[in-house]
Structure formats: structure tokens, C-alpha cells
Amino acid sequence: MNDLTKKLTRNAELEGYLNELSELMGRKITEKDLSALEEVEKLKNAAVKLEEQPKTLIVLAPEELKQARFSSLVQRLAKANPNPVSVWLNATSSCGTFYLSRIDKFNFSFRFDAIPEGVIALLTEDGNDELLLDFSPDEVEVELQGAEWGSAEY
């Protein structure tokens with residue numbers, strides 16, 4: 001993609017992307033909160049090694065994301081890899097990523113209809129671990145992959 005195409009794509013997607021992030025975080029996210037696109041490329045390259053790591057799939061009812069058992073899992077993940085996490089949505093590649101200090105700072109009680117694509121990935125800054133949420137109104141698939149998170153038990 002050439003520079004003009006990248007800029008046009010970013011401009012077209014930025015407002016919706018910021019709105020989605022704001023809904024997820026429960027506070028206003030602005031363009032200043034996003035990383036540079038070079039950081040996105042760095043993370044993509046680091047995440048390539050995830051394909052070789054263990055993977056666990058958990059299928060839940062949506063309300064289970066708000067329960068103590070799931071919260072306990074998230075706390076264990078934060079302890080196993082306490083690095084900041086990058087929040088990945090459809091427009092992250094063209095707009096930049098948003099970081100949280102740790103995975104347990106993510107709002108798992110978000111409204112599913114706020115993210116039309118139905119997929120959110122949380123990738124640790126070191127690229128070693130990822131939590132992928134693939135949700136529909138009836139269920140949520142939680143895929144854990146990586147050196148620390150890939151073998152986590154629910």
C-alpha cells in the first residue's frame with residue numbers, strides 16, 4: 001500500500017475506530033492515545049512466533065465474561081505475562097494500536113454490538129501472548145495462545 005492509500009484508509013476508518021475503542025475502554029480515546037503505524041508493524045512481526053506456541057480454546061456464554069471464574073483466569077494471565085497489551089480491532093493496522101498497562105485492565109463487560117466485526121485481540125507488547133475474543137450473541141470463543149497464556153486452564 002502506498003503512502004496516499006494508507007492516509008486515505010486511516011482517515012476513513014479513524015473516527016469509527018476511536019468510537020469502538022472508547023466504547024471498549026469506557027472512556028474517550030483520542031488519536032493521541034494511538035501508537036505510530038511503525039509500532040503496529042513491529043507488533044505484527046513479533047506476533048509471527050505465536051503460531052508455534054501452545055493454544056487453548058474456551059467456548060463461553062457471553063455472561064460468563066463477567067463472572068468470577070473468568071476474572072480469575074484474566075488475573076492469572078496478567079500474572080503470567082504482566083506486559084502491556086495492545087488492543088487489536090479491524091482498523092488497528094491502518095490507524096495505530098491502543099495499549100493497556102496489563103490484560104486485567106481490559107473491560108470484558110463491553111457491549112458486543114459495539115464491535116461490528118465481532119473479533120478483538122489482545123496482544124502483549126512483547127508479542128509472546130495473545131487472547132482472541134470471537135463473539136456472537138450466543139457464545140464467545142476465547143482463544144489463548146503463547147508461551148505463557150497458551151496452556152492456561154479455565
# chains A, B, ... in the order shown; residues from 1 in each chain; ligands from 1

$ select_by_dssp --residues "stretch 20-151 of chain A" --states "alpha helix (DSSP H)" --output "VMD selection string"
chain A and resid 20 to 25 37 to 47 68 to 80 92 to 95

$ residues_around --residues "stretch 140-152 of chain A" --least-positions-apart "6" --cutoff "7 Å" --atoms "only C-alpha atoms" --output "list in words"
Leu50, Gln53, Pro54, Lys55, Thr56, Leu57, Ile58, Val59, Leu60, Ala61, Pro62, Leu77, Ala80, Asn81, Asn128, Asp129, Glu130, Leu131, Leu132, Leu133 and Asp134 of chain A

$ residues_around --residues "stretch 2-4 of chain A" --least-positions-apart "4" --cutoff "12 Å" --atoms "only C-alpha atoms" --output "short mmCIF file (atom, residue, chain, number, x, y, z; two decimals) with N, CA and C atoms, in the first residue's frame"
data_model
loop_
_atom_site.label_atom_id
_atom_site.label_comp_id
_atom_site.auth_asym_id
_atom_site.auth_seq_id
_atom_site.Cartn_x
_atom_site.Cartn_y
_atom_site.Cartn_z
N LEU A 8 -5.45 7.74 3.22
CA LEU A 8 -6.88 7.75 2.91
C LEU A 8 -7.62 6.69 3.73
N THR A 9 -7.03 5.50 3.86
CA THR A 9 -7.64 4.44 4.65
C THR A 9 -7.73 4.85 6.11
N ARG A 10 -6.66 5.40 6.63
CA ARG A 10 -6.64 5.84 8.03
C ARG A 10 -7.71 6.91 8.28
N ASN A 11 -7.78 7.90 7.39
CA ASN A 11 -8.76 8.96 7.56
C ASN A 11 -10.19 8.43 7.51
N LEU A 37 2.12 3.92 13.31
CA LEU A 37 1.91 2.73 12.47
C LEU A 37 3.15 1.82 12.46
N SER A 94 -4.39 0.10 10.15
CA SER A 94 -4.35 1.36 9.41
C SER A 94 -4.37 2.60 10.30
#

$ residues_around --residues "A:Asn90" --least-positions-apart "6" --cutoff "9 Å" --atoms "only C-alpha atoms" --output "ChimeraX atom specification"
/A:17,117,119-120

$ write_last_selection --atoms "C-alpha atoms" --output "mmCIF file, in the first residue's frame"
data_model
loop_
_atom_site.group_PDB
_atom_site.id
_atom_site.type_symbol
_atom_site.label_atom_id
_atom_site.label_comp_id
_atom_site.auth_asym_id
_atom_site.auth_seq_id
_atom_site.Cartn_x
_atom_site.Cartn_y
_atom_site.Cartn_z
ATOM 1 C CA TYR A 17 -12.100 3.081 15.326
ATOM 2 C CA GLU A 117 -16.705 -7.379 13.282
ATOM 3 C CA VAL A 119 -13.381 -10.022 16.982
ATOM 4 C CA ILE A 120 -10.936 -8.429 19.415
#

$ select_by_dssp --residues "chain A" --states "strand (DSSP E)" --output "ChimeraX atom specification"
/A:55-60,85-88,98-100,119-124,129-135,140-146

$ atom_distance --atom1 "atom CA of A:Val85" --atom2 "atom CA of A:Glu139"
23.6 Å

$ closest_atom_pairs --of "stretch 6-50 of chain A" --to "stretch 98-107 of chain A" --cutoff "12 Å" --atoms "only C-alpha atoms" --output "JSON lines"
{"residue": "A:Tyr17", "atom": "CA", "partner": "A:Phe98", "partner_atom": "CA", "distance": 10.4}
{"residue": "A:Leu18", "atom": "CA", "partner": "A:Phe98", "partner_atom": "CA", "distance": 9.6}
{"residue": "A:Glu20", "atom": "CA", "partner": "A:Phe98", "partner_atom": "CA", "distance": 11.3}
{"residue": "A:Leu21", "atom": "CA", "partner": "A:Phe98", "partner_atom": "CA", "distance": 8.0}
{"residue": "A:Ser22", "atom": "CA", "partner": "A:Phe98", "partner_atom": "CA", "distance": 10.4}
{"residue": "A:Glu23", "atom": "CA", "partner": "A:Asn107", "partner_atom": "CA", "distance": 9.4}
{"residue": "A:Leu24", "atom": "CA", "partner": "A:Asn107", "partner_atom": "CA", "distance": 6.3}
{"residue": "A:Met25", "atom": "CA", "partner": "A:Asn107", "partner_atom": "CA", "distance": 6.1}
{"residue": "A:Gly26", "atom": "CA", "partner": "A:Asn107", "partner_atom": "CA", "distance": 7.7}
{"residue": "A:Arg27", "atom": "CA", "partner": "A:Asn107", "partner_atom": "CA", "distance": 10.8}
{"residue": "A:Ile29", "atom": "CA", "partner": "A:Phe98", "partner_atom": "CA", "distance": 8.7}
{"residue": "A:Thr30", "atom": "CA", "partner": "A:Phe98", "partner_atom": "CA", "distance": 9.8}
{"residue": "A:Glu31", "atom": "CA", "partner": "A:Phe98", "partner_atom": "CA", "distance": 9.5}
{"residue": "A:Lys32", "atom": "CA", "partner": "A:Phe98", "partner_atom": "CA", "distance": 9.7}
{"residue": "A:Asp33", "atom": "CA", "partner": "A:Phe98", "partner_atom": "CA", "distance": 6.4}
{"residue": "A:Leu34", "atom": "CA", "partner": "A:Phe98", "partner_atom": "CA", "distance": 5.0}
{"residue": "A:Ser35", "atom": "CA", "partner": "A:Phe98", "partner_atom": "CA", "distance": 6.4}
{"residue": "A:Ala36", "atom": "CA", "partner": "A:Phe98", "partner_atom": "CA", "distance": 9.9}
{"residue": "A:Leu37", "atom": "CA", "partner": "A:Phe98", "partner_atom": "CA", "distance": 11.1}
{"residue": "A:Glu39", "atom": "CA", "partner": "A:Phe98", "partner_atom": "CA", "distance": 10.4}
{"residue": "A:Val40", "atom": "CA", "partner": "A:Phe98", "partner_atom": "CA", "distance": 9.8}
{"residue": "A:Leu43", "atom": "CA", "partner": "A:Tyr99", "partner_atom": "CA", "distance": 11.7}

$ closest_residue --among "A:Phe110, A:Ala91, A:Asn83, A:Lys49" --to "A:Lys66" --atoms "only C-alpha atoms"
A:Phe110

$ decode --residues "stretch 4-44 of chain A" --atoms "N, CA and C atoms" --output "mmCIF file, in the first residue's frame"
data_model
loop_
_atom_site.group_PDB
_atom_site.id
_atom_site.type_symbol
_atom_site.label_atom_id
_atom_site.label_comp_id
_atom_site.auth_asym_id
_atom_site.auth_seq_id
_atom_site.Cartn_x
_atom_site.Cartn_y
_atom_site.Cartn_z
ATOM 1 N N LEU A 4 -0.231 7.417 0.104
ATOM 2 C CA LEU A 4 -1.521 8.082 -0.081
ATOM 3 C C LEU A 4 -2.662 7.136 0.275
ATOM 4 N N THR A 5 -2.579 5.900 -0.161
ATOM 5 C CA THR A 5 -3.620 4.915 0.154
ATOM 6 C C THR A 5 -3.699 4.688 1.656
ATOM 7 N N LYS A 6 -2.555 4.608 2.321
ATOM 8 C CA LYS A 6 -2.531 4.437 3.779
ATOM 9 C C LYS A 6 -3.215 5.613 4.478
ATOM 10 N N LYS A 7 -2.921 6.823 4.046
ATOM 11 C CA LYS A 7 -3.514 8.011 4.666
ATOM 12 C C LYS A 7 -5.024 8.061 4.428
ATOM 13 N N LEU A 8 -5.447 7.736 3.220
ATOM 14 C CA LEU A 8 -6.878 7.748 2.914
ATOM 15 C C LEU A 8 -7.622 6.693 3.728
ATOM 16 N N THR A 9 -7.029 5.503 3.858
ATOM 17 C CA THR A 9 -7.638 4.438 4.647
ATOM 18 C C THR A 9 -7.730 4.850 6.109
ATOM 19 N N ARG A 10 -6.662 5.403 6.630
ATOM 20 C CA ARG A 10 -6.642 5.842 8.030
ATOM 21 C C ARG A 10 -7.711 6.908 8.277
ATOM 22 N N ASN A 11 -7.777 7.895 7.391
ATOM 23 C CA ASN A 11 -8.764 8.965 7.561
ATOM 24 C C ASN A 11 -10.188 8.428 7.512
ATOM 25 N N ALA A 12 -10.430 7.459 6.647
ATOM 26 C CA ALA A 12 -11.773 6.897 6.510
ATOM 27 C C ALA A 12 -12.179 6.073 7.731
ATOM 28 N N GLU A 13 -11.215 5.422 8.375
ATOM 29 C CA GLU A 13 -11.515 4.494 9.468
ATOM 30 C C GLU A 13 -11.336 5.073 10.862
ATOM 31 N N LEU A 14 -10.626 6.168 10.990
ATOM 32 C CA LEU A 14 -10.202 6.651 12.305
ATOM 33 C C LEU A 14 -11.357 6.971 13.254
ATOM 34 N N GLU A 15 -12.353 7.699 12.821
ATOM 35 C CA GLU A 15 -13.438 8.097 13.731
ATOM 36 C C GLU A 15 -14.172 6.878 14.286
ATOM 37 N N GLY A 16 -14.519 5.938 13.420
ATOM 38 C CA GLY A 16 -15.202 4.726 13.873
ATOM 39 C C GLY A 16 -14.329 3.905 14.814
ATOM 40 N N TYR A 17 -13.051 3.825 14.503
ATOM 41 C CA TYR A 17 -12.100 3.081 15.326
ATOM 42 C C TYR A 17 -11.994 3.685 16.728
ATOM 43 N N LEU A 18 -11.880 5.005 16.792
ATOM 44 C CA LEU A 18 -11.807 5.677 18.090
ATOM 45 C C LEU A 18 -13.095 5.485 18.888
ATOM 46 N N ASN A 19 -14.230 5.497 18.201
ATOM 47 C CA ASN A 19 -15.505 5.244 18.873
ATOM 48 C C ASN A 19 -15.561 3.825 19.444
ATOM 49 N N GLU A 20 -15.102 2.844 18.683
ATOM 50 C CA GLU A 20 -15.077 1.458 19.168
ATOM 51 C C GLU A 20 -14.167 1.320 20.380
ATOM 52 N N LEU A 21 -12.972 1.890 20.295
ATOM 53 C CA LEU A 21 -12.042 1.831 21.423
ATOM 54 C C LEU A 21 -12.623 2.528 22.650
ATOM 55 N N SER A 22 -13.260 3.665 22.448
ATOM 56 C CA SER A 22 -13.870 4.402 23.563
ATOM 57 C C SER A 22 -14.946 3.564 24.233
ATOM 58 N N GLU A 23 -15.741 2.876 23.448
ATOM 59 C CA GLU A 23 -16.783 2.005 23.996
ATOM 60 C C GLU A 23 -16.145 0.865 24.804
ATOM 61 N N LEU A 24 -15.109 0.276 24.259
ATOM 62 C CA LEU A 24 -14.426 -0.827 24.953
ATOM 63 C C LEU A 24 -13.795 -0.377 26.269
ATOM 64 N N MET A 25 -13.191 0.783 26.267
ATOM 65 C CA MET A 25 -12.445 1.260 27.425
ATOM 66 C C MET A 25 -13.320 1.980 28.443
ATOM 67 N N GLY A 26 -14.513 2.380 28.021
ATOM 68 C CA GLY A 26 -15.388 3.105 28.942
ATOM 69 C C GLY A 26 -14.927 4.529 29.191
ATOM 70 N N ARG A 27 -14.137 5.058 28.280
ATOM 71 C CA ARG A 27 -13.668 6.449 28.358
ATOM 72 C C ARG A 27 -13.289 6.902 26.951
ATOM 73 N N LYS A 28 -13.197 8.199 26.756
ATOM 74 C CA LYS A 28 -12.893 8.734 25.437
ATOM 75 C C LYS A 28 -11.438 8.430 25.058
ATOM 76 N N ILE A 29 -11.271 7.811 23.905
ATOM 77 C CA ILE A 29 -9.943 7.550 23.343
ATOM 78 C C ILE A 29 -9.761 8.505 22.173
ATOM 79 N N THR A 30 -8.608 9.168 22.124
ATOM 80 C CA THR A 30 -8.337 10.118 21.044
ATOM 81 C C THR A 30 -7.174 9.612 20.197
ATOM 82 N N GLU A 31 -6.958 10.287 19.117
ATOM 83 C CA GLU A 31 -5.875 9.932 18.207
ATOM 84 C C GLU A 31 -4.523 9.957 18.922
ATOM 85 N N LYS A 32 -4.378 10.836 19.904
ATOM 86 C CA LYS A 32 -3.121 10.934 20.661
ATOM 87 C C LYS A 32 -2.838 9.669 21.470
ATOM 88 N N ASP A 33 -3.883 8.882 21.761
ATOM 89 C CA ASP A 33 -3.728 7.650 22.539
ATOM 90 C C ASP A 33 -3.220 6.475 21.701
ATOM 91 N N LEU A 34 -3.147 6.658 20.396
ATOM 92 C CA LEU A 34 -2.769 5.567 19.499
ATOM 93 C C LEU A 34 -1.273 5.578 19.207
ATOM 94 N N SER A 35 -0.756 4.397 18.935
ATOM 95 C CA SER A 35 0.660 4.272 18.581
ATOM 96 C C SER A 35 0.879 4.701 17.130
ATOM 97 N N ALA A 36 2.135 4.859 16.788
ATOM 98 C CA ALA A 36 2.505 5.089 15.393
ATOM 99 C C ALA A 36 2.297 3.791 14.611
ATOM 100 N N LEU A 37 2.118 3.916 13.308
ATOM 101 C CA LEU A 37 1.913 2.727 12.473
ATOM 102 C C LEU A 37 3.149 1.824 12.461
ATOM 103 N N GLU A 38 4.306 2.404 12.690
ATOM 104 C CA GLU A 38 5.534 1.593 12.753
ATOM 105 C C GLU A 38 5.466 0.610 13.926
ATOM 106 N N GLU A 39 4.845 1.034 15.011
ATOM 107 C CA GLU A 39 4.671 0.161 16.178
ATOM 108 C C GLU A 39 3.761 -1.019 15.833
ATOM 109 N N VAL A 40 2.751 -0.762 15.028
ATOM 110 C CA VAL A 40 1.843 -1.833 14.597
ATOM 111 C C VAL A 40 2.626 -2.878 13.802
ATOM 112 N N GLU A 41 3.467 -2.435 12.898
ATOM 113 C CA GLU A 41 4.269 -3.367 12.091
ATOM 114 C C GLU A 41 5.222 -4.168 12.966
ATOM 115 N N LYS A 42 5.824 -3.497 13.940
ATOM 116 C CA LYS A 42 6.730 -4.181 14.869
ATOM 117 C C LYS A 42 5.988 -5.291 15.625
ATOM 118 N N LEU A 43 4.779 -4.983 16.094
ATOM 119 C CA LEU A 43 3.982 -5.979 16.810
ATOM 120 C C LEU A 43 3.572 -7.138 15.905
ATOM 121 N N LYS A 44 3.186 -6.826 14.684
ATOM 122 C CA LYS A 44 2.821 -7.888 13.729
ATOM 123 C C LYS A 44 3.992 -8.844 13.528
#
